[in-house]
>>> print(open('work.cif').read())   # mmCIF, C-alpha atoms and all ligand atoms
data_structure
#
loop_
_atom_site.label_atom_id
_atom_site.label_comp_id
_atom_site.auth_asym_id
_atom_site.auth_seq_id
_atom_site.Cartn_x
_atom_site.Cartn_y
_atom_site.Cartn_z
CA MET V 281 -9.93 -61.19 89.89
CA LYS V 282 -9.78 -57.48 89.22
CA MET V 283 -6.59 -55.80 90.38
CA SER V 284 -6.51 -52.61 92.41
CA GLU V 285 -6.61 -49.27 90.64
CA SER V 286 -3.15 -48.33 91.80
CA LEU V 287 -1.71 -51.57 90.42
CA GLU V 288 -3.69 -51.11 87.20
CA GLU V 289 -1.96 -47.76 86.76
CA LYS V 290 1.46 -49.42 87.04
CA PHE V 291 0.50 -52.07 84.48
CA ASN V 292 -0.67 -49.30 82.17
CA ASP V 293 2.71 -47.56 82.53
CA GLN V 294 4.30 -50.82 81.42
CA ILE V 295 2.04 -50.99 78.36
CA THR V 296 3.15 -47.49 77.41
CA LEU V 297 6.81 -48.37 77.96
CA GLU V 298 6.53 -51.37 75.60
CA PHE V 299 5.12 -49.10 72.89
CA GLU V 300 7.95 -46.68 73.56
CA ALA V 301 10.45 -49.56 73.19
CA SER V 302 8.83 -50.44 69.88
CA LEU V 303 9.26 -46.91 68.55
CA VAL V 304 12.89 -46.78 69.71
CA TYR V 305 13.66 -50.04 67.85
CA ARG V 306 11.74 -48.88 64.81
CA GLN V 307 13.69 -45.64 64.62
CA LEU V 308 16.97 -47.52 65.13
CA ALA V 309 15.94 -49.77 62.23
CA VAL V 310 15.45 -46.70 60.07
CA GLU V 311 18.91 -45.42 61.04
CA MET V 312 20.47 -48.68 59.86
CA GLU V 313 18.37 -48.88 56.71
CA ILE V 314 19.56 -45.45 55.57
CA ARG V 315 23.14 -46.58 56.18
CA ASP V 316 22.65 -49.50 53.80
CA LEU V 317 22.66 -52.21 56.45
CA PRO V 318 19.37 -53.98 55.62
CA GLY V 319 20.06 -57.10 57.69
CA ILE V 320 20.66 -55.16 60.91
CA ALA V 321 17.69 -52.91 60.05
CA ASN V 322 15.51 -55.98 59.60
CA TRP V 323 16.63 -57.43 62.95
CA LEU V 324 15.77 -54.17 64.71
CA ARG V 325 12.42 -53.95 62.93
CA THR V 326 11.59 -57.48 64.07
CA GLN V 327 12.40 -56.39 67.63
CA ALA V 328 10.10 -53.39 67.19
CA ASP V 329 7.28 -55.77 66.22
CA GLU V 330 8.06 -57.98 69.20
CA GLU V 331 7.63 -55.03 71.56
CA ILE V 332 4.09 -54.57 70.22
CA VAL V 333 3.45 -58.24 71.02
CA HIS V 334 4.70 -57.49 74.56
CA ALA V 335 2.38 -54.50 74.91
CA ASN V 336 -0.53 -56.65 73.76
CA LYS V 337 0.25 -59.31 76.37
CA TRP V 338 -0.10 -56.71 79.14
CA ILE V 339 -3.26 -55.28 77.53
CA ASP V 340 -4.86 -58.72 77.28
CA HIS V 341 -4.04 -59.49 80.90
CA LEU V 342 -5.75 -56.30 82.10
CA SER V 343 -8.77 -56.91 79.86
CA ASP V 344 -9.08 -60.51 81.04
CA ARG V 345 -9.20 -59.27 84.61
CA ASN V 346 -11.85 -56.65 83.97
CA ASN V 347 -9.36 -53.86 84.41
CA HIS V 348 -9.00 -50.99 81.98
CA PRO V 349 -5.88 -51.00 79.75
CA ARG V 350 -4.87 -47.47 78.75
CA ILE V 351 -2.04 -46.53 76.44
CA GLY V 352 -0.29 -43.41 77.67
CA ALA V 353 1.57 -40.72 75.75
CA VAL V 354 4.61 -42.15 74.02
CA PRO V 355 7.46 -39.70 73.45
CA ALA V 356 9.12 -39.48 70.06
CA PRO V 357 12.22 -41.68 70.15
CA LYS V 358 15.32 -39.58 70.69
CA VAL V 359 17.75 -41.60 68.71
CA ASP V 360 20.96 -39.88 67.83
CA VAL V 361 23.35 -42.53 66.59
CA GLU V 362 26.67 -42.19 64.82
CA SER V 363 27.53 -45.84 64.42
CA VAL V 364 26.16 -49.38 64.57
CA LEU V 365 27.76 -49.73 68.01
CA ASP V 366 25.87 -46.61 69.19
CA THR V 367 22.67 -48.13 67.85
CA PHE V 368 22.98 -51.28 69.91
CA GLU V 369 24.18 -49.37 72.97
CA VAL V 370 20.95 -47.31 72.78
CA ALA V 371 18.98 -50.56 72.46
CA LEU V 372 20.78 -52.09 75.45
CA LYS V 373 20.15 -49.04 77.62
CA HIS V 374 16.48 -49.18 76.74
CA GLU V 375 16.28 -52.89 77.54
CA GLU V 376 17.92 -52.23 80.90
CA ARG V 377 15.30 -49.57 81.60
CA VAL V 378 12.50 -52.00 80.70
CA SER V 379 14.06 -54.70 82.92
CA GLU V 380 14.13 -52.30 85.87
CA ALA V 381 10.49 -51.37 85.23
CA ILE V 382 9.55 -55.08 85.27
CA ARG V 383 11.41 -55.55 88.57
CA GLU V 384 9.49 -52.60 90.02
CA LEU V 385 6.23 -54.08 88.77
CA TYR V 386 7.17 -57.41 90.35
CA ARG V 387 7.68 -55.69 93.71
CA ALA V 388 4.44 -53.69 93.40
CA ALA V 389 2.45 -56.80 92.44
CA ILE V 390 4.03 -59.09 95.01
CA ASP V 391 0.62 -59.97 96.56
CA ASP V 392 -1.23 -60.16 93.23
CA ILE V 393 -1.07 -63.90 92.61
CA ASP V 394 -2.95 -63.76 89.28
CA SER V 395 -0.23 -61.71 87.55
CA LYS V 396 2.72 -63.71 88.91
CA GLN V 397 3.22 -65.95 85.88
CA LEU V 398 2.97 -63.12 83.42
CA ILE V 399 5.49 -60.96 85.26
CA GLN V 400 7.83 -63.95 85.59
CA TRP V 401 7.55 -64.56 81.84
CA PHE V 402 8.58 -60.96 81.20
CA SER V 403 11.42 -61.16 83.67
CA ASN V 404 12.83 -64.21 81.83
CA GLU V 405 12.29 -62.48 78.49
CA GLN V 406 14.25 -59.44 79.66
CA VAL V 407 17.21 -61.58 80.76
CA GLU V 408 17.24 -63.10 77.25
CA GLU V 409 16.84 -59.79 75.43
CA GLU V 410 19.57 -58.08 77.44
CA ALA V 411 21.90 -61.03 76.82
CA THR V 412 21.24 -60.97 73.06
CA VAL V 413 21.76 -57.22 72.68
CA SER V 414 24.76 -57.24 74.97
CA GLU V 415 26.38 -60.00 72.88
CA ILE V 416 25.87 -57.92 69.72
CA VAL V 417 27.45 -54.90 71.48
CA GLY V 418 30.44 -57.09 72.40
CA ARG V 419 30.84 -58.30 68.83
CA LEU V 420 30.58 -54.77 67.47
CA LYS V 421 33.41 -53.74 69.77
CA LEU V 422 35.51 -56.55 68.32
CA ILE V 423 34.57 -55.57 64.76
CA ASP V 424 35.60 -51.97 65.53
CA ASN V 425 34.08 -50.43 62.38
CA ASP V 426 35.78 -52.91 60.08
CA GLY V 427 33.68 -52.94 56.85
CA PRO V 428 33.80 -56.67 56.06
CA GLY V 429 33.08 -57.50 59.71
CA LEU V 430 30.01 -55.25 59.70
CA LEU V 431 28.76 -56.75 56.45
CA ARG V 432 29.11 -60.26 57.92
CA LEU V 433 27.13 -59.23 61.00
CA ASP V 434 24.55 -57.56 58.75
CA SER V 435 24.00 -60.75 56.83
CA GLU V 436 23.91 -62.86 59.99
CA LEU V 437 21.37 -60.63 61.79
CA GLY V 438 19.32 -60.38 58.60
CA ALA V 439 19.10 -64.17 58.45
CA ARG V 440 18.02 -64.40 62.07
CA ALA V 441 15.34 -61.76 61.60
CA THR V 442 13.72 -63.62 58.74
CA GLY V 443 14.33 -67.04 60.25
CA ALA V 444 16.37 -68.01 57.17
FE1 LIG Q 1 9.50 -55.65 75.84
FE2 LIG Q 1 12.47 -55.55 74.96
O1 LIG Q 1 11.20 -55.27 76.27
#
>>> encode(input="work.cif", output="structure tokens")
Amino acid sequence: MKMSESLEEKFNDQITLEFEASLVYRQLAVEMEIRDLPGIANWLRTQADEEIVHANKWIDHLSDRNNHPRIGAVPAPKVDVESVLDTFEVALKHEERVSEAIRELYRAAIDDIDSKQLIQWFSNEQVEEEATVSEIVGRLKLIDNDGPGLLRLDSELGARATGA
């Protein structure tokens, strides 16, 4: 069943936010690539691709319900990072913002039974993503800019990104 126009607008905001998340991750990947950390860059690039998959899930849901998905203006990612720790702190902040947006969408769509499962899927996904990024932040604090520690993390995250 078609959702109301006001709810459709909120879903469209979420689509735009997922594209914004993708650009943030993609820029963070670039920042790591130019610092010769290809494994971390690859991990972030994989995340950027995953955010596009997220955006497409919302788009498909609106299309399936005869609503009109619209991608809004996505701001250029303002990513000013000095270190790998900064990079993941930016990522974590963005994930927290996305999680809050999903919670708001959940509240707004409380009576829209047809979107329940999808929103719940995203809510679970956010818990996972925040946990993953937060764990990396914790490990980076332990590493404390130690070269060999960073190179180990680089190789580990690189392996995860490629599924090796
Ligand atoms: Fe689609 Fe990482 O939020």
>>> residues_near_ligand(input="work.cif", ligand="ligand LIG 1 (chain Q)", cutoff="8 Å", atoms="all atoms listed in the file", output="PyMOL selection string")
chain V and resi 298+301-302+327+330-332+334-335+374-375+378-379+402+405-406+409-410
>>> residues_around(input="work.cif", residues="Thr412 in chain V", least_positions_apart="2", cutoff="12 Å", atoms="only C-alpha atoms", output="ChimeraX atom specification")
/V:323,327,368-369,371-372,375,405-410,414-419,437,440
>>> atom_distance(input="work.cif", atom1="CA of Glu380 in chain V", atom2="CA of Thr367 in chain V")
20.4 Å
>>> residues_around(input="work.cif", residues="Asp316 in chain V", least_positions_apart="4", cutoff="12 Å", atoms="only C-alpha atoms", output="number ranges by chain")
V: 309-312, 320-322, 364, 427, 430-431, 434-435
>>> atom_distance(input="work.cif", atom1="CA of Val333 in chain V", atom2="CA of Ala441 in chain V")
15.6 Å
>>> closest_residue(input="work.cif", among="V:Lys290, V:Lys396, V:Lys421, V:Arg315", to="Pro349 in chain V", atoms="all atoms listed in the file")
V:Lys290
>>> residues_around(input="work.cif", residues="Leu342 in chain V", least_positions_apart="3", cutoff="12 Å", atoms="all atoms listed in the file", output="list in words")
Met281, Lys282, Met283, Ser284, Glu285, Leu287, Glu288, Glu289, Lys290, Phe291, Asn292, Gln294, Ile295, Ala335, Asn336, Lys337, Trp338, Ile339, Arg345, Asn346, Asn347, His348, Pro349, Arg350, Ile351, Asp394, Ser395 and Leu398 of chain V
>>> residues_around(input="work.cif", residues="Asp360 in chain V", least_positions_apart="2", cutoff="10 Å", atoms="only C-alpha atoms", output="list in words")
Gln307, Leu308, Glu311, Pro357, Lys358, Glu362, Ser363, Asp366, Thr367 and Val370 of chain V
>>> write_last_selection(input="work.cif", atoms="C-alpha atoms", output="short mmCIF file (atom, residue, chain, number, x, y, z; two decimals), in the coordinates of the input")
data_model
loop_
_atom_site.label_atom_id
_atom_site.label_comp_id
_atom_site.auth_asym_id
_atom_site.auth_seq_id
_atom_site.Cartn_x
_atom_site.Cartn_y
_atom_site.Cartn_z
CA GLN V 307 13.69 -45.64 64.62
CA LEU V 308 16.97 -47.52 65.13
CA GLU V 311 18.91 -45.42 61.04
CA PRO V 357 12.22 -41.68 70.15
CA LYS V 358 15.32 -39.58 70.69
CA GLU V 362 26.67 -42.19 64.82
CA SER V 363 27.53 -45.84 64.42
CA ASP V 366 25.87 -46.61 69.19
CA THR V 367 22.67 -48.13 67.85
CA VAL V 370 20.95 -47.31 72.78
#
>>> atom_distance(input="work.cif", atom1="CA of Val354 in chain V", atom2="CA of Asp329 in chain V")
15.9 Å
>>> closest_residue(input="work.cif", among="V:His341, V:Glu376, V:Ile423, V:Leu303", to="Leu324 in chain V", atoms="only C-alpha atoms")
V:Leu303
>>> closest_residue(input="work.cif", among="V:Leu317, V:Val361, V:Ala356, V:Ile390", to="Val304 in chain V", atoms="only C-alpha atoms")
V:Ala356
>>> closest_residue(input="work.cif", among="V:Leu365, V:Gly438, V:Thr326, V:Gly429", to="Arg306 in chain V", atoms="all atoms listed in the file")
V:Thr326
>>> decode(input="work.cif", residues="range 297-440 of chain V", atoms="C-alpha atoms", output="PDB file, in the first residue's frame")
ATOM      1  CA  LEU V 297      21.528  10.421   3.875  1.00  0.00           C
ATOM      2  CA  GLU V 298      22.715   6.971   2.724  1.00  0.00           C
ATOM      3  CA  PHE V 299      24.269   8.535  -0.377  1.00  0.00           C
ATOM      4  CA  GLU V 300      25.873  11.140   1.853  1.00  0.00           C
ATOM      5  CA  ALA V 301      27.273   8.338   4.052  1.00  0.00           C
ATOM      6  CA  SER V 302      28.677   6.690   0.943  1.00  0.00           C
ATOM      7  CA  LEU V 303      30.509   9.860  -0.087  1.00  0.00           C
ATOM      8  CA  VAL V 304      31.888  10.357   3.430  1.00  0.00           C
ATOM      9  CA  TYR V 305      33.300   6.798   3.450  1.00  0.00           C
ATOM     10  CA  ARG V 306      34.619   7.191  -0.074  1.00  0.00           C
ATOM     11  CA  GLN V 307      36.472  10.373   0.818  1.00  0.00           C
ATOM     12  CA  LEU V 308      37.829   8.763   3.993  1.00  0.00           C
ATOM     13  CA  ALA V 309      39.075   5.892   1.817  1.00  0.00           C
ATOM     14  CA  VAL V 310      40.904   8.397  -0.363  1.00  0.00           C
ATOM     15  CA  GLU V 311      42.500   9.968   2.720  1.00  0.00           C
ATOM     16  CA  MET V 312      43.879   6.583   3.768  1.00  0.00           C
ATOM     17  CA  GLU V 313      44.963   5.630   0.260  1.00  0.00           C
ATOM     18  CA  ILE V 314      47.103   8.760  -0.049  1.00  0.00           C
ATOM     19  CA  ARG V 315      48.686   7.912   3.307  1.00  0.00           C
ATOM     20  CA  ASP V 316      49.771   4.519   1.969  1.00  0.00           C
ATOM     21  CA  LEU V 317      47.320   2.466   4.010  1.00  0.00           C
ATOM     22  CA  PRO V 318      45.650   0.452   1.223  1.00  0.00           C
ATOM     23  CA  GLY V 319      44.004  -2.117   3.514  1.00  0.00           C
ATOM     24  CA  ILE V 320      42.200   0.508   5.589  1.00  0.00           C
ATOM     25  CA  ALA V 321      41.358   2.408   2.387  1.00  0.00           C
ATOM     26  CA  ASN V 322      39.882  -0.751   0.911  1.00  0.00           C
ATOM     27  CA  TRP V 323      37.782  -1.395   4.027  1.00  0.00           C
ATOM     28  CA  LEU V 324      36.391   2.152   3.882  1.00  0.00           C
ATOM     29  CA  ARG V 325      35.715   1.855   0.155  1.00  0.00           C
ATOM     30  CA  THR V 326      33.785  -1.364   0.768  1.00  0.00           C
ATOM     31  CA  GLN V 327      31.721   0.514   3.359  1.00  0.00           C
ATOM     32  CA  ALA V 328      31.084   3.271   0.806  1.00  0.00           C
ATOM     33  CA  ASP V 329      29.721   0.640  -1.599  1.00  0.00           C
ATOM     34  CA  GLU V 330      27.570  -0.833   1.163  1.00  0.00           C
ATOM     35  CA  GLU V 331      25.945   2.545   1.759  1.00  0.00           C
ATOM     36  CA  ILE V 332      24.843   2.581  -1.893  1.00  0.00           C
ATOM     37  CA  VAL V 333      23.268  -0.834  -1.321  1.00  0.00           C
ATOM     38  CA  HIS V 334      21.442   0.709   1.661  1.00  0.00           C
ATOM     39  CA  ALA V 335      20.192   3.633  -0.431  1.00  0.00           C
ATOM     40  CA  ASN V 336      18.935   1.182  -3.051  1.00  0.00           C
ATOM     41  CA  LYS V 337      17.006  -0.812  -0.443  1.00  0.00           C
ATOM     42  CA  TRP V 338      15.057   2.329   0.521  1.00  0.00           C
ATOM     43  CA  ILE V 339      14.558   3.262  -3.150  1.00  0.00           C
ATOM     44  CA  ASP V 340      13.223  -0.206  -3.993  1.00  0.00           C
ATOM     45  CA  HIS V 341      10.833  -0.123  -1.054  1.00  0.00           C
ATOM     46  CA  LEU V 342       9.334   3.191  -2.188  1.00  0.00           C
ATOM     47  CA  SER V 343       9.090   1.995  -5.806  1.00  0.00           C
ATOM     48  CA  ASP V 344       7.443  -1.257  -4.748  1.00  0.00           C
ATOM     49  CA  ARG V 345       4.810   0.729  -2.906  1.00  0.00           C
ATOM     50  CA  ASN V 346       4.063   3.060  -5.793  1.00  0.00           C
ATOM     51  CA  ASN V 347       5.693   5.954  -4.028  1.00  0.00           C
ATOM     52  CA  HIS V 348       8.229   8.232  -5.673  1.00  0.00           C
ATOM     53  CA  PRO V 349      11.871   7.836  -4.561  1.00  0.00           C
ATOM     54  CA  ARG V 350      13.803  11.091  -4.947  1.00  0.00           C
ATOM     55  CA  ILE V 351      17.488  11.588  -4.272  1.00  0.00           C
ATOM     56  CA  GLY V 352      18.105  14.963  -2.672  1.00  0.00           C
ATOM     57  CA  ALA V 353      21.141  17.218  -2.801  1.00  0.00           C
ATOM     58  CA  VAL V 354      24.143  15.548  -1.227  1.00  0.00           C
ATOM     59  CA  PRO V 355      26.728  17.906   0.270  1.00  0.00           C
ATOM     60  CA  ALA V 356      30.400  17.427  -0.501  1.00  0.00           C
ATOM     61  CA  PRO V 357      31.913  15.403   2.341  1.00  0.00           C
ATOM     62  CA  LYS V 358      33.740  17.677   4.751  1.00  0.00           C
ATOM     63  CA  VAL V 359      36.467  15.345   5.798  1.00  0.00           C
ATOM     64  CA  ASP V 360      39.397  16.937   7.504  1.00  0.00           C
ATOM     65  CA  VAL V 361      41.434  14.164   9.059  1.00  0.00           C
ATOM     66  CA  GLU V 362      44.906  14.216  10.542  1.00  0.00           C
ATOM     67  CA  SER V 363      45.185  10.595  11.573  1.00  0.00           C
ATOM     68  CA  VAL V 364      43.681   7.134  11.164  1.00  0.00           C
ATOM     69  CA  LEU V 365      41.978   7.608  14.540  1.00  0.00           C
ATOM     70  CA  ASP V 366      40.370  10.845  13.256  1.00  0.00           C
ATOM     71  CA  THR V 367      39.186   8.956  10.197  1.00  0.00           C
ATOM     72  CA  PHE V 368      37.311   6.351  12.189  1.00  0.00           C
ATOM     73  CA  GLU V 369      35.997   8.928  14.651  1.00  0.00           C
ATOM     74  CA  VAL V 370      34.451  10.791  11.674  1.00  0.00           C
ATOM     75  CA  ALA V 371      32.975   7.480  10.461  1.00  0.00           C
ATOM     76  CA  LEU V 372      31.560   6.706  13.911  1.00  0.00           C
ATOM     77  CA  LYS V 373      29.972  10.145  14.226  1.00  0.00           C
ATOM     78  CA  HIS V 374      28.341   9.686  10.852  1.00  0.00           C
ATOM     79  CA  GLU V 375      27.039   6.242  11.768  1.00  0.00           C
ATOM     80  CA  GLU V 376      25.572   7.686  14.971  1.00  0.00           C
ATOM     81  CA  ARG V 377      23.817  10.336  12.899  1.00  0.00           C
ATOM     82  CA  VAL V 378      22.399   7.682  10.569  1.00  0.00           C
ATOM     83  CA  SER V 379      21.249   5.592  13.560  1.00  0.00           C
ATOM     84  CA  GLU V 380      19.392   8.579  14.990  1.00  0.00           C
ATOM     85  CA  ALA V 381      17.759   9.226  11.607  1.00  0.00           C
ATOM     86  CA  ILE V 382      16.584   5.588  11.496  1.00  0.00           C
ATOM     87  CA  ARG V 383      15.132   5.923  15.009  1.00  0.00           C
ATOM     88  CA  GLU V 384      13.269   9.052  13.892  1.00  0.00           C
ATOM     89  CA  LEU V 385      11.989   7.227  10.833  1.00  0.00           C
ATOM     90  CA  TYR V 386      10.843   4.354  13.055  1.00  0.00           C
ATOM     91  CA  ARG V 387       8.839   6.797  15.196  1.00  0.00           C
ATOM     92  CA  ALA V 388       7.372   8.561  12.142  1.00  0.00           C
ATOM     93  CA  ALA V 389       6.396   5.253  10.514  1.00  0.00           C
ATOM     94  CA  ILE V 390       5.049   3.641  13.666  1.00  0.00           C
ATOM     95  CA  ASP V 391       1.614   3.015  12.065  1.00  0.00           C
ATOM     96  CA  ASP V 392       2.995   2.031   8.655  1.00  0.00           C
ATOM     97  CA  ILE V 393       3.000  -1.740   9.015  1.00  0.00           C
ATOM     98  CA  ASP V 394       4.409  -2.404   5.523  1.00  0.00           C
ATOM     99  CA  SER V 395       7.744  -0.704   6.278  1.00  0.00           C
ATOM    100  CA  LYS V 396       8.224  -2.250   9.737  1.00  0.00           C
ATOM    101  CA  GLN V 397      10.520  -5.082   8.668  1.00  0.00           C
ATOM    102  CA  LEU V 398      12.695  -2.875   6.537  1.00  0.00           C
ATOM    103  CA  ILE V 399      13.175  -0.287   9.265  1.00  0.00           C
ATOM    104  CA  GLN V 400      13.916  -3.043  11.783  1.00  0.00           C
ATOM    105  CA  TRP V 401      16.535  -4.474   9.410  1.00  0.00           C
ATOM    106  CA  PHE V 402      18.218  -1.072   9.250  1.00  0.00           C
ATOM    107  CA  SER V 403      18.045  -0.627  12.993  1.00  0.00           C
ATOM    108  CA  ASN V 404      19.869  -3.959  13.488  1.00  0.00           C
ATOM    109  CA  GLU V 405      22.363  -3.028  10.776  1.00  0.00           C
ATOM    110  CA  GLN V 406      23.149   0.256  12.523  1.00  0.00           C
ATOM    111  CA  VAL V 407      23.816  -1.485  15.846  1.00  0.00           C
ATOM    112  CA  GLU V 408      26.295  -3.739  14.009  1.00  0.00           C
ATOM    113  CA  GLU V 409      27.960  -0.929  12.069  1.00  0.00           C
ATOM    114  CA  GLU V 410      28.364   1.269  15.130  1.00  0.00           C
ATOM    115  CA  ALA V 411      29.837  -1.665  17.065  1.00  0.00           C
ATOM    116  CA  THR V 412      32.325  -2.458  14.288  1.00  0.00           C
ATOM    117  CA  VAL V 413      33.516   1.129  13.851  1.00  0.00           C
ATOM    118  CA  SER V 414      33.619   1.716  17.584  1.00  0.00           C
ATOM    119  CA  GLU V 415      35.810  -1.377  18.042  1.00  0.00           C
ATOM    120  CA  ILE V 416      38.234  -0.061  15.412  1.00  0.00           C
ATOM    121  CA  VAL V 417      38.324   3.317  17.211  1.00  0.00           C
ATOM    122  CA  GLY V 418      39.143   1.487  20.461  1.00  0.00           C
ATOM    123  CA  ARG V 419      41.947  -0.468  18.834  1.00  0.00           C
ATOM    124  CA  LEU V 420      43.374   2.669  17.238  1.00  0.00           C
ATOM    125  CA  LYS V 421      43.520   4.274  20.666  1.00  0.00           C
ATOM    126  CA  LEU V 422      45.504   1.276  21.898  1.00  0.00           C
ATOM    127  CA  ILE V 423      47.812   1.419  18.869  1.00  0.00           C
ATOM    128  CA  ASP V 424      48.408   5.133  19.547  1.00  0.00           C
ATOM    129  CA  ASN V 425      50.117   5.890  16.223  1.00  0.00           C
ATOM    130  CA  ASP V 426      52.562   3.025  16.576  1.00  0.00           C
ATOM    131  CA  GLY V 427      53.741   2.212  13.003  1.00  0.00           C
ATOM    132  CA  PRO V 428      53.860  -1.601  13.226  1.00  0.00           C
ATOM    133  CA  GLY V 429      50.470  -1.623  14.985  1.00  0.00           C
ATOM    134  CA  LEU V 430      48.925   0.467  12.209  1.00  0.00           C
ATOM    135  CA  LEU V 431      50.413  -1.759   9.520  1.00  0.00           C
ATOM    136  CA  ARG V 432      48.966  -4.838  11.250  1.00  0.00           C
ATOM    137  CA  LEU V 433      45.523  -3.222  11.380  1.00  0.00           C
ATOM    138  CA  ASP V 434      45.909  -2.174   7.741  1.00  0.00           C
ATOM    139  CA  SER V 435      46.557  -5.728   6.669  1.00  0.00           C
ATOM    140  CA  GLU V 436      43.748  -7.089   8.844  1.00  0.00           C
ATOM    141  CA  LEU V 437      41.122  -4.610   7.571  1.00  0.00           C
ATOM    142  CA  GLY V 438      42.341  -5.139   4.011  1.00  0.00           C
ATOM    143  CA  ALA V 439      41.746  -8.870   4.359  1.00  0.00           C
ATOM    144  CA  ARG V 440      38.255  -8.331   5.731  1.00  0.00           C
TER     145      ARG V 440
END
